[in-house]
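Participant: Data: run33.tsv, TSV, C-alpha atoms and all ligand atoms.
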chain	number	residue	atom	x	y	z
A	246	MET	CA	17.46	9.40	-10.44
A	247	GLU	CA	21.01	8.20	-9.85
A	248	GLU	CA	21.72	10.28	-6.75
A	249	LYS	CA	21.71	8.80	-3.26
A	250	ILE	CA	18.87	11.01	-2.09
A	251	TRP	CA	15.36	10.38	-0.83
A	252	LYS	CA	14.09	13.93	-0.56
A	253	CYS	CA	14.54	17.12	-2.52
A	254	SER	CA	17.51	19.37	-1.65
A	255	CYS	CA	14.87	21.95	-0.60
A	256	GLY	CA	13.76	19.46	2.09
A	257	GLY	CA	10.47	18.70	0.30
A	258	LEU	CA	9.13	15.58	-1.36
A	259	LEU	CA	10.95	13.99	-4.26
A	260	ASP	CA	9.13	12.56	-7.27
A	261	ILE	CA	10.45	10.73	-10.30
A	262	ASP	CA	10.21	11.90	-13.87
A	263	PHE	CA	10.40	8.68	-15.86
A	264	ARG	CA	9.00	7.50	-19.20
A	265	PRO	CA	7.57	4.00	-18.91
A	266	HIS	CA	6.92	1.68	-21.85
A	267	PHE	CA	4.48	-1.19	-22.16
A	268	PRO	CA	5.51	-3.68	-24.86
A	269	ILE	CA	2.33	-5.74	-24.45
A	270	ASP	CA	3.42	-8.72	-26.57
A	271	LYS	CA	6.64	-9.12	-24.59
A	272	ILE	CA	4.86	-8.60	-21.28
A	273	ARG	CA	2.38	-11.40	-22.07
A	274	GLN	CA	5.19	-13.92	-22.52
A	275	ARG	CA	6.91	-13.18	-19.24
A	276	LYS	CA	6.64	-14.86	-15.84
A	277	PRO	CA	3.55	-13.83	-13.84
A	278	THR	CA	5.35	-11.44	-11.49
A	279	MET	CA	5.24	-7.67	-10.98
A	280	TRP	CA	8.58	-7.47	-12.82
A	281	ARG	CA	6.90	-8.41	-16.13
A	282	TYR	CA	6.40	-4.62	-16.57
A	283	ARG	CA	10.18	-4.22	-16.61
A	284	GLU	CA	10.21	-1.30	-19.07
A	285	ALA	CA	7.95	0.62	-16.72
A	286	ILE	CA	10.23	0.23	-13.69
A	287	PRO	CA	13.04	2.78	-13.29
A	288	LEU	CA	15.94	0.40	-12.67
A	289	LEU	CA	18.92	0.61	-15.01
A	290	GLU	CA	20.23	-2.93	-14.92
A	291	ASP	CA	18.38	-6.25	-14.50
A	292	LYS	CA	21.22	-7.66	-12.42
A	293	ASN	CA	20.22	-5.34	-9.57
A	294	THR	CA	16.70	-6.71	-9.30
A	295	ILE	CA	15.81	-7.97	-5.82
A	296	SER	CA	12.85	-10.24	-6.18
A	297	PHE	CA	11.13	-13.35	-4.86
A	298	ASP	CA	9.11	-13.64	-8.11
A	299	GLU	CA	6.38	-11.73	-6.31
A	300	GLY	CA	3.21	-10.11	-7.58
A	301	PHE	CA	0.66	-10.79	-10.27
A	302	THR	CA	-1.53	-11.66	-7.30
A	303	PRO	CA	-4.90	-13.26	-8.07
A	304	LEU	CA	-7.74	-10.89	-9.00
A	305	ILE	CA	-10.94	-12.74	-8.26
A	306	PRO	CA	-14.64	-11.91	-8.07
A	307	VAL	CA	-16.00	-11.84	-4.52
A	308	SER	CA	-19.58	-11.04	-3.60
A	309	PHE	CA	-20.39	-8.34	-1.07
A	310	GLY	CA	-24.12	-8.33	-0.39
A	311	THR	CA	-25.84	-8.29	-3.77
A	312	LYS	CA	-22.82	-6.94	-5.68
A	313	THR	CA	-19.65	-8.53	-6.98
A	314	VAL	CA	-16.26	-6.88	-6.70
A	315	TRP	CA	-12.88	-7.84	-8.16
A	316	ILE	CA	-10.54	-8.39	-5.24
A	317	LYS	CA	-6.79	-8.25	-5.64
A	318	GLN	CA	-5.25	-10.66	-3.15
A	319	ASP	CA	-2.19	-8.68	-2.14
A	320	HIS	CA	-2.17	-10.37	1.27
A	321	LEU	CA	-0.57	-13.30	-0.58
A	322	PHE	CA	2.75	-11.51	-1.16
A	323	PRO	CA	5.91	-13.17	0.29
A	324	THR	CA	5.89	-11.08	3.48
A	325	GLY	CA	2.09	-11.03	3.65
A	326	SER	CA	1.25	-7.53	2.46
A	327	HIS	CA	1.10	-5.21	-0.54
A	328	LYS	CA	4.23	-3.44	0.75
A	329	ASP	CA	6.37	-6.01	-1.07
A	330	ARG	CA	5.56	-4.20	-4.31
A	331	GLY	CA	7.25	-1.04	-3.09
A	332	ALA	CA	10.05	-2.82	-1.26
A	333	SER	CA	11.08	-4.92	-4.27
A	334	VAL	CA	11.63	-1.88	-6.48
A	335	LEU	CA	13.04	0.36	-3.75
A	336	ILE	CA	15.60	-2.16	-2.48
A	337	SER	CA	16.57	-3.03	-6.07
A	338	LYS	CA	17.27	0.65	-6.71
A	339	ILE	CA	19.14	0.93	-3.41
A	340	ARG	CA	21.39	-1.94	-4.47
A	341	GLU	CA	21.89	-0.25	-7.85
A	342	LEU	CA	22.96	2.94	-6.06
A	343	GLY	CA	25.54	0.95	-4.06
A	344	ILE	CA	23.95	1.73	-0.70
A	345	THR	CA	24.77	-0.85	1.99
A	346	SER	CA	22.60	0.14	4.93
A	347	VAL	CA	19.16	1.67	5.31
A	348	VAL	CA	16.62	2.79	7.88
A	349	GLU	CA	12.80	2.54	7.68
A	350	ASP	CA	9.90	3.17	10.04
A	351	SER	CA	6.60	1.41	9.94
A	352	SER	CA	3.47	0.30	11.73
A	353	GLY	CA	4.75	-3.19	10.88
A	354	ASN	CA	4.10	-4.34	7.35
A	355	ALA	CA	6.39	-1.97	5.44
A	356	GLY	CA	9.07	-2.82	7.99
A	357	CYS	CA	8.60	-6.55	7.30
A	358	ALA	CA	8.80	-5.95	3.56
A	359	VAL	CA	11.91	-3.75	3.67
A	360	ALA	CA	13.60	-6.18	6.10
A	361	ALA	CA	12.91	-9.18	3.82
A	362	TYR	CA	14.18	-7.53	0.64
A	363	CYS	CA	17.24	-6.19	2.49
A	364	ALA	CA	17.93	-9.73	3.66
A	365	ARG	CA	17.81	-10.95	0.06
A	366	ALA	CA	20.01	-8.07	-1.10
A	367	LYS	CA	22.42	-8.43	1.86
A	368	ILE	CA	21.81	-4.83	2.86
A	369	GLU	CA	21.87	-3.90	6.55
A	370	CYS	CA	18.68	-2.43	7.87
A	371	GLU	CA	17.22	-0.79	10.95
A	372	ILE	CA	13.45	-0.84	11.35
A	373	PHE	CA	11.78	1.61	13.73
A	374	VAL	CA	8.31	0.60	14.95
A	375	PRO	CA	5.87	1.82	17.61
A	376	GLU	CA	6.23	-0.15	20.86
A	377	ASN	CA	2.73	-1.69	20.51
A	378	THR	CA	3.29	-3.23	17.03
A	379	ALA	CA	1.77	-6.71	16.51
A	380	ALA	CA	4.05	-9.47	17.84
A	381	GLY	CA	3.90	-11.44	14.57
A	382	LYS	CA	5.30	-8.48	12.63
A	383	LEU	CA	8.03	-7.89	15.22
A	384	ALA	CA	9.08	-11.54	14.98
A	385	GLN	CA	9.11	-11.39	11.18
A	386	ILE	CA	11.31	-8.28	11.09
A	387	GLN	CA	13.82	-9.85	13.50
A	388	PHE	CA	13.86	-13.23	11.75
A	389	TYR	CA	14.82	-11.44	8.51
A	390	GLY	CA	17.89	-10.23	10.40
A	391	ALA	CA	16.97	-6.55	10.65
A	392	GLN	CA	17.75	-4.48	13.71
A	393	LEU	CA	14.43	-3.72	15.39
A	394	ILE	CA	14.06	-0.45	17.29
A	395	LYS	CA	10.87	-0.07	19.32
A	396	ILE	CA	9.84	3.52	19.99
A	397	PRO	CA	7.56	4.43	22.90
A	398	GLY	CA	4.66	6.76	22.09
A	399	SER	CA	2.74	7.34	18.90
A	400	ARG	CA	3.30	6.32	15.27
A	401	GLU	CA	4.36	9.94	14.69
A	402	ASP	CA	7.05	9.63	17.42
A	403	THR	CA	8.40	6.59	15.54
A	404	ALA	CA	8.50	8.57	12.28
A	405	GLN	CA	10.43	11.37	14.01
A	406	ALA	CA	12.96	8.91	15.45
A	407	ALA	CA	13.50	7.37	12.00
A	408	LEU	CA	13.92	10.81	10.42
A	409	ARG	CA	16.68	11.56	12.92
A	410	ALA	CA	18.40	8.26	12.06
A	411	ALA	CA	17.98	9.11	8.35
A	412	GLU	CA	20.32	12.08	8.81
A	413	LYS	CA	23.13	9.47	8.73
A	414	ILE	CA	21.65	6.37	7.06
A	415	TYR	CA	19.77	6.19	3.73
A	416	TYR	CA	16.02	6.37	4.30
A	417	ALA	CA	14.18	3.46	2.67
A	418	SER	CA	10.89	5.12	3.54
A	419	HIS	CA	7.59	3.94	2.10
A	420	SER	CA	6.23	7.45	2.38
A	421	TRP	CA	9.19	9.69	1.50
A	422	ASN	CA	11.16	7.59	-0.96
A	423	PRO	CA	9.76	7.91	-4.51
A	424	PHE	CA	11.08	4.52	-5.61
A	425	PHE	CA	8.66	2.79	-3.25
A	426	PHE	CA	5.76	4.23	-5.26
A	427	GLN	CA	7.39	2.98	-8.46
A	428	GLY	CA	6.84	-0.53	-7.09
A	429	GLU	CA	3.37	0.05	-5.72
A	430	LYS	CA	2.22	1.28	-9.12
A	431	THR	CA	2.45	-2.30	-10.49
A	432	PHE	CA	-0.90	-2.86	-8.72
A	433	ALA	CA	-2.55	-0.79	-11.47
A	434	PHE	CA	-0.67	-2.59	-14.26
A	435	GLU	CA	-1.71	-6.02	-12.97
A	436	VAL	CA	-5.34	-5.01	-12.44
A	437	CYS	CA	-5.66	-3.64	-15.97
A	438	GLU	CA	-3.90	-6.61	-17.57
A	439	GLN	CA	-6.04	-9.06	-15.56
A	440	LEU	CA	-9.16	-7.24	-16.78
A	441	GLY	CA	-8.00	-7.63	-20.39
A	442	TRP	CA	-6.00	-4.37	-20.56
A	443	GLN	CA	-8.94	-2.32	-19.41
A	444	ALA	CA	-9.33	0.05	-16.50
A	445	PRO	CA	-12.02	-0.69	-13.92
A	446	ASP	CA	-14.59	2.04	-13.24
A	447	SER	CA	-13.49	2.47	-9.65
A	448	VAL	CA	-10.88	1.20	-7.20
A	449	VAL	CA	-11.42	1.14	-3.44
A	450	LEU	CA	-8.11	1.43	-1.57
A	451	PRO	CA	-6.87	2.10	1.96
A	452	ILE	CA	-5.31	5.40	2.94
A	453	GLY	CA	-2.53	5.10	5.48
A	454	SER	CA	0.58	6.78	4.17
A	455	GLY	CA	-1.02	6.38	0.74
A	456	SER	CA	1.70	4.25	-0.83
A	457	LEU	CA	-0.79	1.95	-2.55
A	458	LEU	CA	-3.29	4.67	-3.45
A	459	LEU	CA	-0.66	7.01	-4.90
A	460	GLY	CA	1.20	4.14	-6.54
A	461	ALA	CA	-2.02	2.96	-8.18
A	462	PHE	CA	-2.79	6.50	-9.32
A	463	ILE	CA	0.69	6.81	-10.89
A	464	GLY	CA	0.23	3.41	-12.57
A	465	PHE	CA	-3.20	4.15	-14.03
A	466	ASN	CA	-1.93	7.49	-15.32
A	467	GLU	CA	1.07	5.86	-16.98
A	468	LEU	CA	-1.16	3.32	-18.72
A	469	TYR	CA	-3.52	6.09	-19.77
A	470	HIS	CA	-0.79	8.34	-21.17
A	471	ASN	CA	0.63	5.39	-23.10
A	472	GLY	CA	-2.77	4.75	-24.71
A	473	ILE	CA	-3.19	1.33	-23.02
A	474	ILE	CA	-6.31	2.27	-21.07
A	475	HIS	CA	-8.82	4.95	-21.98
A	476	LYS	CA	-9.86	6.32	-18.62
A	477	ILE	CA	-8.57	6.72	-15.09
A	478	PRO	CA	-10.76	4.87	-12.57
A	479	LYS	CA	-12.38	6.73	-9.73
A	480	ILE	CA	-10.13	6.38	-6.69
A	481	ILE	CA	-12.11	5.73	-3.53
A	482	GLY	CA	-10.03	5.97	-0.35
A	483	VAL	CA	-10.86	4.52	3.05
A	484	GLN	CA	-9.71	5.92	6.40
A	485	ALA	CA	-10.38	4.87	9.98
A	486	ALA	CA	-12.97	7.22	11.52
A	487	CYS	CA	-10.72	8.02	14.46
A	488	CYS	CA	-7.78	8.96	12.23
A	489	ALA	CA	-9.14	10.59	9.09
A	490	PRO	CA	-7.21	13.76	8.22
A	491	ILE	CA	-7.64	13.42	4.46
A	492	TYR	CA	-11.34	12.69	4.72
A	493	LYS	CA	-11.64	15.87	6.80
A	494	ALA	CA	-9.70	17.92	4.25
A	495	LEU	CA	-11.93	16.65	1.42
A	496	ARG	CA	-15.17	17.12	3.30
A	497	GLU	CA	-14.33	20.60	4.52
A	498	ASN	CA	-12.71	21.59	1.24
A	499	LEU	CA	-9.43	22.47	2.98
A	500	GLU	CA	-6.22	23.25	1.06
A	501	GLU	CA	-3.97	21.81	3.78
A	502	ILE	CA	-4.27	18.50	5.59
A	503	PRO	CA	-5.58	19.41	9.06
A	504	LYS	CA	-4.12	18.34	12.39
A	505	ILE	CA	-6.44	15.83	13.97
A	506	ASP	CA	-6.94	14.39	17.39
A	507	LYS	CA	-6.15	10.76	16.65
A	508	LYS	CA	-7.63	7.92	18.71
A	509	ASP	CA	-6.64	4.24	18.78
A	510	THR	CA	-8.10	1.93	16.16
A	511	VAL	CA	-7.98	-1.78	15.43
A	512	ALA	CA	-6.74	-0.80	11.93
A	513	GLU	CA	-3.31	0.35	13.10
A	514	GLY	CA	-1.81	0.13	9.59
A	515	ILE	CA	-3.89	3.08	8.39
A	516	ALA	CA	-3.69	5.16	11.57
A	517	ILE	CA	-1.44	7.82	10.06
A	518	ALA	CA	-2.36	11.21	11.50
A	519	GLU	CA	0.20	13.21	9.52
A	520	PRO	CA	0.65	11.58	6.10
A	521	ILE	CA	3.68	13.18	4.42
A	522	ARG	CA	2.02	12.91	1.02
A	523	GLY	CA	-1.41	13.91	2.29
A	524	LYS	CA	-1.88	16.69	-0.26
A	525	GLN	CA	-0.91	14.37	-3.11
A	526	ILE	CA	-3.44	11.79	-1.88
A	527	LEU	CA	-6.17	14.43	-1.72
A	528	GLU	CA	-5.31	15.61	-5.22
A	529	ALA	CA	-5.37	12.05	-6.64
A	530	VAL	CA	-8.80	11.40	-5.14
A	531	LYS	CA	-10.13	14.72	-6.47
A	532	LYS	CA	-8.57	14.42	-9.93
A	533	SER	CA	-10.04	10.95	-10.40
A	534	LYS	CA	-13.46	12.24	-9.27
A	535	GLY	CA	-13.39	9.70	-6.46
A	536	GLY	CA	-14.17	10.06	-2.77
A	537	ILE	CA	-13.24	8.97	0.73
A	538	PHE	CA	-15.20	6.85	3.21
A	539	ILE	CA	-14.56	6.49	6.92
A	540	VAL	CA	-15.22	3.38	8.97
A	541	ASP	CA	-15.36	2.84	12.72
A	542	ASP	CA	-13.91	-0.10	14.63
A	543	LEU	CA	-17.18	-2.00	14.92
A	544	GLU	CA	-17.70	-1.77	11.15
A	545	ILE	CA	-14.13	-2.97	10.61
A	546	LYS	CA	-14.52	-5.94	12.92
A	547	LYS	CA	-17.85	-6.91	11.36
A	548	SER	CA	-16.36	-6.71	7.88
A	549	LEU	CA	-13.39	-8.80	9.04
A	550	ARG	CA	-15.76	-11.55	10.20
A	551	ARG	CA	-17.73	-11.43	6.94
A	552	VAL	CA	-14.62	-11.60	4.73
A	553	CYS	CA	-13.05	-14.42	6.75
A	554	GLU	CA	-16.34	-16.37	6.56
A	555	LYS	CA	-15.83	-16.38	2.78
A	556	GLY	CA	-12.50	-18.22	3.27
A	557	PHE	CA	-10.03	-15.32	3.14
A	558	TYR	CA	-7.80	-14.69	6.16
A	559	ILE	CA	-6.97	-10.99	6.31
A	560	GLU	CA	-5.77	-8.72	9.09
A	561	PRO	CA	-8.00	-6.09	10.73
A	562	THR	CA	-6.37	-3.19	8.84
A	563	SER	CA	-7.35	-4.89	5.58
A	564	ALA	CA	-10.92	-5.14	6.79
A	565	ALA	CA	-11.10	-1.35	7.06
A	566	THR	CA	-10.91	-1.28	3.26
A	567	THR	CA	-13.61	-3.93	2.87
A	568	ALA	CA	-15.82	-2.06	5.38
A	569	GLY	CA	-15.37	1.10	3.29
A	570	LEU	CA	-16.03	-0.92	0.15
A	571	SER	CA	-19.38	-2.08	1.56
A	572	LYS	CA	-20.32	1.56	2.18
A	573	TYR	CA	-19.32	2.50	-1.35
A	574	LEU	CA	-21.41	-0.35	-2.77
A	575	GLU	CA	-24.54	1.13	-1.20
A	576	THR	CA	-24.54	3.83	-3.89
A	577	SER	CA	-22.42	2.37	-6.70
A	578	SER	CA	-24.18	1.71	-9.99
A	579	PRO	CA	-25.19	-1.89	-10.70
A	580	ASP	CA	-22.97	-2.37	-13.76
A	581	GLU	CA	-19.87	-0.67	-12.33
A	582	ILE	CA	-16.59	-2.61	-12.53
A	583	ILE	CA	-15.11	-2.19	-9.06
A	584	VAL	CA	-11.71	-3.38	-7.86
A	585	SER	CA	-10.59	-3.51	-4.25
A	586	VAL	CA	-7.82	-5.25	-2.34
A	587	PHE	CA	-6.92	-7.48	0.58
A	588	THR	CA	-3.75	-5.76	1.78
A	589	GLY	CA	-2.46	-7.80	4.71
A	590	HIS	CA	-2.53	-11.43	5.90
A	591	GLY	CA	-4.39	-12.35	9.08
A	592	LEU	CA	-1.62	-14.68	10.25
A	593	LYS	CA	0.47	-11.64	11.18
A	594	THR	CA	-1.94	-10.44	13.85
A	595	THR	CA	-2.99	-13.56	15.73
A	596	GLU	CA	-3.47	-11.86	19.14
A	597	LYS	CA	-5.72	-9.23	17.62
A	598	MET	CA	-7.69	-11.83	15.66
A	599	LEU	CA	-8.21	-13.87	18.85
A	600	LYS	CA	-9.34	-10.77	20.72
A	601	ILE	CA	-11.87	-9.92	18.02
A	602	LEU	CA	-13.07	-13.53	17.96
A	603	LYS	CA	-13.66	-13.39	21.72
A	604	GLU	CA	-15.42	-10.01	21.55
A	605	SER	CA	-17.65	-11.15	18.73
A	606	SER	CA	-18.85	-14.14	20.72
A	607	LEU	CA	-19.72	-11.80	23.60
A	608	VAL	CA	-21.30	-8.94	21.66
A	609	PRO	CA	-24.53	-9.95	19.91
A	610	GLU	CA	-24.49	-7.15	17.26
A	611	PHE	CA	-21.38	-8.78	15.80
A	612	LEU	CA	-23.28	-11.80	14.57
B	1	LIG	C1	-2.47	-4.26	5.98
B	1	LIG	C2	-2.31	-2.84	5.56
B	1	LIG	N1	-3.26	-2.30	4.79
B	1	LIG	C3	-3.18	-1.01	4.38
B	1	LIG	C4	-2.13	-0.20	4.75
B	1	LIG	C5	-2.09	1.21	4.29
B	1	LIG	O1	-1.25	1.29	3.23
B	1	LIG	P1	-0.62	2.61	2.66
B	1	LIG	O2	0.45	3.00	3.61
B	1	LIG	O3	-0.15	2.18	1.35
B	1	LIG	O4	-1.67	3.65	2.60
B	1	LIG	C6	-1.11	-0.73	5.54
B	1	LIG	C7	0.03	0.09	5.93
B	1	LIG	O5	0.89	-0.29	6.66
B	1	LIG	C8	-1.21	-2.08	5.96
B	1	LIG	O6	-0.27	-2.64	6.73
Write the structure described by the file as structure tokens, please.
Facilitator:
Amino acid sequence: MEEKIWKCSCGGLLDIDFRPHFPIDKIRQRKPTMWRYREAIPLLEDKNTISFDEGFTPLIPVSFGTKTVWIKQDHLFPTGSHKDRGASVLISKIRELGITSVVEDSSGNAGCAVAAYCARAKIECEIFVPENTAAGKLAQIQFYGAQLIKIPGSREDTAQAALRAAEKIYYASHSWNPFFFQGEKTFAFEVCEQLGWQAPDSVVLPIGSGSLLLGAFIGFNELYHNGIIHKIPKIIGVQAACCAPIYKALRENLEEIPKIDKKDTVAEGIAIAEPIRGKQILEAVKKSKGGIFIVDDLEIKKSLRRVCEKGFYIEPTSAATTAGLSKYLETSSPDEIIVSVFTGHGLKTTEKMLKILKESSLVPEFL
């Protein structure tokens, strides 16, 4: 845990073996931030914490059709997405390890988060993004002072370019680096505390690289093994129909995550054709007795309109989750306690929001 590495020496994935503690009485008295679970976060010294007092986002009931779901408002994080959970812990650990420059690749939001926390920690950072990343996210990354590198081609081409850079610079990756997941897991801690230290019956989460889904699964397991909660919720993942490798693996009962022919989607944040931790995601869904739903672009856009009409301003990628949630609700039981999430803020994707607004005034089935 104290080595400057982000993958195993065998070249494979690295995971952290760490014993968390949950001193509930102390936790209750602390500031409402994700760092209130300090004994469950693998950082040696408090002085290395890089934080904006983020987290403990509101968990509020929102109605979807005839059912009510608890929604975690992670679009309200400082950089506007749930990726701040991972970035806060990862960049804190990076400071603790004495690393002074990092590289990360992203469809936008993880890049914004890593850039912001590096700015606060005074760590140099290079962010690789696909050329067509939303302008708002590109501006954000540059305003934080990061070096922005736009890569032509697919999201996978961007990942390859970052991996090459990571041969020389420490990789602050939200998919490879295990410390990122140690931050994302606070989602589960907050949800359970906000429900009165109880686990929900099910959680509906996006699957892109799986940082939130796997983080949540780690978090629920840690609470369970510490006797704080008494069951692991069903994990329900959502993928975009035109980029759904894990859905395909689950449906066809495949051992490996298949190669897919990815098409463009309005939910670019979850358009990950080759998720590094794909097998772990599949295993988490299966172990929790959950499932995976896929949603197409029209369903995403419709869900976006419906959610925004309730007064929440989320980005299209976030609406993929709510579209999947609506599908899940068609068969969920009436008394089930269901948690889902708004992952990203709409203000980051103004051009896309305007385009969808225009389309929806032209296409009658939108209304
Ligand atoms: C708004 C938004 N929602 C969901 C996701 C998917 O998250 P994850 O990579 O944790 O699966 C992303 C990823 O970038 C995102 O930006």
Participant: I'd like the neighbourhood of stretch 269-279 of chain A as a PyMOL selection string, where a residue qualifies if any of its atoms comes within 6 Å (using only C-alpha atoms), though same-chain residues fewer than 4 positions away should be ignored.
Facilitator: chain A and resi 298-301
Participant: Output C-alpha atoms of each residue in that selection to a file, as a PDB file, in the coordinates of the input.
Facilitator:
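Written output follows (result.pdb):
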ATOM      1  CA  ASP A 298       9.110 -13.640  -8.110  1.00  0.00           C
ATOM      2  CA  GLU A 299       6.380 -11.730  -6.310  1.00  0.00           C
ATOM      3  CA  GLY A 300       3.210 -10.110  -7.580  1.00  0.00           C
ATOM      4  CA  PHE A 301       0.660 -10.790 -10.270  1.00  0.00           C
TER       5      PHE A 301
END
Participant: Mind checking which residues fall within 10 Å of stretch 393-398 of chain A, counting all atoms listed in the file, ignoring those fewer than 2 positions away in the same chain, and posting them as number ranges by chain?
Facilitator: A: 350, 356, 360, 370-378, 383-384, 386-387, 390-391, 400-407
Participant: Go through chain A residue by residue and, counting all atoms listed in the file, keep those with an atom at most 6 Å from ligand LIG 1 (chain B); for each kept residue give the shortest atom pair and its distance in Å to one decimal, ordered by chain and increasing number, as a Markdown table.
Facilitator:
| residue | atom | partner | partner_atom | distance |
| --- | --- | --- | --- | --- |
| A:Ser352 | CA | B:LIG1 | O5 | 5.7 |
| A:Asn354 | CA | B:LIG1 | O6 | 4.7 |
| A:Ala355 | CA | B:LIG1 | O5 | 5.9 |
| A:Pro451 | CA | B:LIG1 | C5 | 5.4 |
| A:Ile452 | CA | B:LIG1 | O4 | 4.1 |
| A:Gly453 | CA | B:LIG1 | O4 | 3.3 |
| A:Ser454 | CA | B:LIG1 | O2 | 3.8 |
| A:Gly455 | CA | B:LIG1 | O4 | 3.4 |
| A:Ser456 | CA | B:LIG1 | O3 | 3.5 |
| A:Leu457 | CA | B:LIG1 | O3 | 4.0 |
| A:Gly514 | CA | B:LIG1 | O5 | 4.0 |
| A:Ile515 | CA | B:LIG1 | C5 | 4.9 |
| A:Thr562 | CA | B:LIG1 | C1 | 5.0 |
| A:Ser563 | CA | B:LIG1 | N1 | 4.9 |
| A:Thr588 | CA | B:LIG1 | N1 | 4.6 |
| A:Gly589 | CA | B:LIG1 | C1 | 3.8 |
Participant: Find the residue from A:Ile526, A:Val307, A:Val483, A:Leu321 that sits nearest to A:Arg551; use all atoms listed in the file when measuring.
Facilitator: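 With all atoms listed in the file as the atom set, the closest residue is A:Val307.
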Participant: Within 12 Å of (-23.1, 0.5, -2.6) (coordinates as in the file), grab all the protein and nucleic acid residues, counting all atoms listed in the file, and write them out as a short mmCIF file (atom, residue, chain, number, x, y, z; two decimals) with C-alpha atoms, in the coordinates of the input.
Facilitator:
data_model
loop_
_atom_site.label_atom_id
_atom_site.label_comp_id
_atom_site.auth_asym_id
_atom_site.auth_seq_id
_atom_site.Cartn_x
_atom_site.Cartn_y
_atom_site.Cartn_z
CA PHE A 309 -20.39 -8.34 -1.07
CA GLY A 310 -24.12 -8.33 -0.39
CA THR A 311 -25.84 -8.29 -3.77
CA LYS A 312 -22.82 -6.94 -5.68
CA THR A 313 -19.65 -8.53 -6.98
CA VAL A 314 -16.26 -6.88 -6.70
CA VAL A 449 -11.42 1.14 -3.44
CA PHE A 538 -15.20 6.85 3.21
CA THR A 567 -13.61 -3.93 2.87
CA ALA A 568 -15.82 -2.06 5.38
CA GLY A 569 -15.37 1.10 3.29
CA LEU A 570 -16.03 -0.92 0.15
CA SER A 571 -19.38 -2.08 1.56
CA LYS A 572 -20.32 1.56 2.18
CA TYR A 573 -19.32 2.50 -1.35
CA LEU A 574 -21.41 -0.35 -2.77
CA GLU A 575 -24.54 1.13 -1.20
CA THR A 576 -24.54 3.83 -3.89
CA SER A 577 -22.42 2.37 -6.70
CA SER A 578 -24.18 1.71 -9.99
CA PRO A 579 -25.19 -1.89 -10.70
CA ASP A 580 -22.97 -2.37 -13.76
CA GLU A 581 -19.87 -0.67 -12.33
CA ILE A 583 -15.11 -2.19 -9.06
#
Participant: Output as JSON lines one row per residue of stretch 467-576 of chain A within 10 Å of stretch 422-434 of chain A: the closest atom pair and its distance in Å to one decimal place, counting only C-alpha atoms, sorted by chain and residue number ascending.
Facilitator:
{"residue": "A:Glu467", "atom": "CA", "partner": "A:Phe434", "partner_atom": "CA", "distance": 9.0}
{"residue": "A:Leu468", "atom": "CA", "partner": "A:Phe434", "partner_atom": "CA", "distance": 7.4}
{"residue": "A:Ile473", "atom": "CA", "partner": "A:Phe434", "partner_atom": "CA", "distance": 9.9}
Participant: Please write the residues from the selection above to a file, keeping C-alpha atoms, as a tab-separated table (two decimals), keeping the file's coordinate frame.
Facilitator:
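So again15.tsv came out as:
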chain	number	residue	atom	x	y	z
A	467	GLU	CA	1.07	5.86	-16.98
A	468	LEU	CA	-1.16	3.32	-18.72
A	473	ILE	CA	-3.19	1.33	-23.02
Participant: At what distance in Å, to one decimal, does atom CA of A:Lys252 lie from atom CA of A:Arg340?
Facilitator: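 Between atom CA of A:Arg340 and atom CA of A:Lys252 the gap works out to 17.9 Å.
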Participant: For atom CA of A:Thr302 and atom CA of A:Ile368, quote the distance in Å rounded to one decimal.
Facilitator: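 If I compute the distance from atom CA of A:Thr302 to atom CA of A:Ile368, I get 26.4 Å.
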Participant: Find the residue from A:Leu543, A:Ile582, A:Ile505, A:Ala358 that sits nearest to A:Glu604; use only C-alpha atoms when measuring.
Facilitator: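 Of all the options, A:Leu543 lies closest to A:Glu604.
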Participant: Find the residue from A:Ser337, A:Ser548, A:Thr345, A:Ser399 that sits nearest to A:Lys292; use all atoms listed in the file when measuring.
Facilitator: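 Of A:Ser337, A:Ser548, A:Thr345, A:Ser399, the one nearest A:Lys292, counting all atoms listed in the file, is A:Ser337.
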Participant: Measuring atom to atom with only C-alpha atoms, identify which of A:Lys504, A:Lys493, A:His320, A:Lys600 is nearest to A:Phe587.
Facilitator: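 Between A:Lys504, A:Lys493, A:His320, A:Lys600, the residue approaching A:Phe587 most closely is A:His320.
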Participant: For atom CA of A:Ala485 and atom CA of A:Val586, quote the distance in Å rounded to one decimal.
Facilitator: 16.1 Å
